[in-house]
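Here's the structure, in structure tokens; my notes come after.
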Amino acid sequence: MKKFFRGFAFAFEGLVESVRGGLNMKFHVFAALCVIILSFLLGLSALEWCIIFLCIGCVIAAELMNTALEHTVDFVSKEYHPLAKKAKDAAAGAVLIISIVAFIIACILFIPKLIVCLNTYFHSL
């Protein structure tokens with residue numbers, strides 16, 4: 001059981017280290033916090049919250065996998081190799097794709113609610 005809980009400690013350490021050391025991860029965490037705040041302000045439904053957290057989790061997980069792959073490639077060889085570049089670029093592309101999908105989903109969820117809020121605000125003037 002001790003090994004099981006130590007695994008959580010290692011996972012948390014990896015997450016913290018990735019946020020500390022990675023500019024892209026800092027951006028994703030900042031964006032996630034902004035989305036969570038906006039979600040509170042717009043009063044999302046339970047299902048919408050689930051979708052938001054699923055998107056945030058996918059983006060953060062993809063960035064962690066990208067970081068792990070980059071560290072592994074750098075560990076294996078310090079020299080430039082075209083296959084290493086392809087591996088890193090493909091992993092970064094995966095993060096880009098899931099980030100774009102998450103952004104589109106956020107737009108689908110938020111834009112109608114923002115329009116209603118703006119209409120309400122301007123009609124009250």
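In the structure tokens, each chain is lettered A, B, ... as it comes, each chain's residues begin at 1, and ligands are numbered from 1 in order of appearance.
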What's the 10 Å shell around stretch 83-85 of chain A, counting only C-alpha atoms, without same-chain residues fewer than 2 positions away, as a PDB file with C-alpha atoms, in the first residue's frame?
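File produced: result-v3.pdb:
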```pdb
ATOM      1  CA  LEU A  69       8.505  12.671 -24.625  1.00  0.00           C
ATOM      2  CA  GLU A  70      10.696  15.760 -24.993  1.00  0.00           C
ATOM      3  CA  THR A  72      13.067  11.276 -23.018  1.00  0.00           C
ATOM      4  CA  VAL A  73      14.303  12.289 -26.454  1.00  0.00           C
ATOM      5  CA  ASP A  74      16.725  14.787 -24.914  1.00  0.00           C
ATOM      6  CA  VAL A  76      18.587   9.587 -25.245  1.00  0.00           C
ATOM      7  CA  SER A  77      20.573  11.961 -27.427  1.00  0.00           C
ATOM      8  CA  GLU A  79      22.636  15.726 -30.685  1.00  0.00           C
ATOM      9  CA  TYR A  80      20.171  16.854 -33.320  1.00  0.00           C
ATOM     10  CA  HIS A  81      18.508  14.026 -35.200  1.00  0.00           C
ATOM     11  CA  ALA A  87       8.851  12.819 -32.556  1.00  0.00           C
ATOM     12  CA  LYS A  88       8.888  16.127 -30.693  1.00  0.00           C
ATOM     13  CA  ASP A  89       6.925  17.896 -33.421  1.00  0.00           C
ATOM     14  CA  ALA A  90       4.294  15.125 -33.518  1.00  0.00           C
ATOM     15  CA  ALA A  91       3.828  15.286 -29.744  1.00  0.00           C
TER      16      ALA A  91
END
```
**Asked** What's the 12 Å shell around stretch 109-113 of chain A, counting only C-alpha atoms, without same-chain residues fewer than 4 positions away, as a list in words?
**Response**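 In the requested form, the answer reads Val35, Ile36, Ile37, Leu38, Ser39, Phe40, Leu41, Leu42, Gly43, Leu44, Ser45, Leu47, Glu48, Trp49, Cys50, Ile51, Ile52, Cys55, Ala102, Phe103, Ile104, Ile105, Cys117, Leu118, Asn119 and Thr120 of chain A.
What separates atom CA of A:Ala11 from atom CA of A:Lys86 is a distance of 26.8 Å.
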**Atomic separation - atom CA of A:Ala46 relative to atom CA of A:Cys34, Å** = 18.2 Å
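The closest residue to A:Ala106, picked from A:Met25, A:Leu54, A:Val19, A:Met1 and counting only C-alpha atoms, is A:Leu54.
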**Prompt:** With only C-alpha atoms as the basis for distance, which of A:Ala92, A:Lys78, A:His123, A:Ser99 is at the shortest distance from A:Ile60?
**Reply:**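 When distances to A:Ile60 are compared using only C-alpha atoms, the smallest one comes from A:Ser99.
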**Item:** Length of the atom CA of A:Ile56 to atom CA of A:Gly14 vector [Å]
**Value:** 17.4 Å
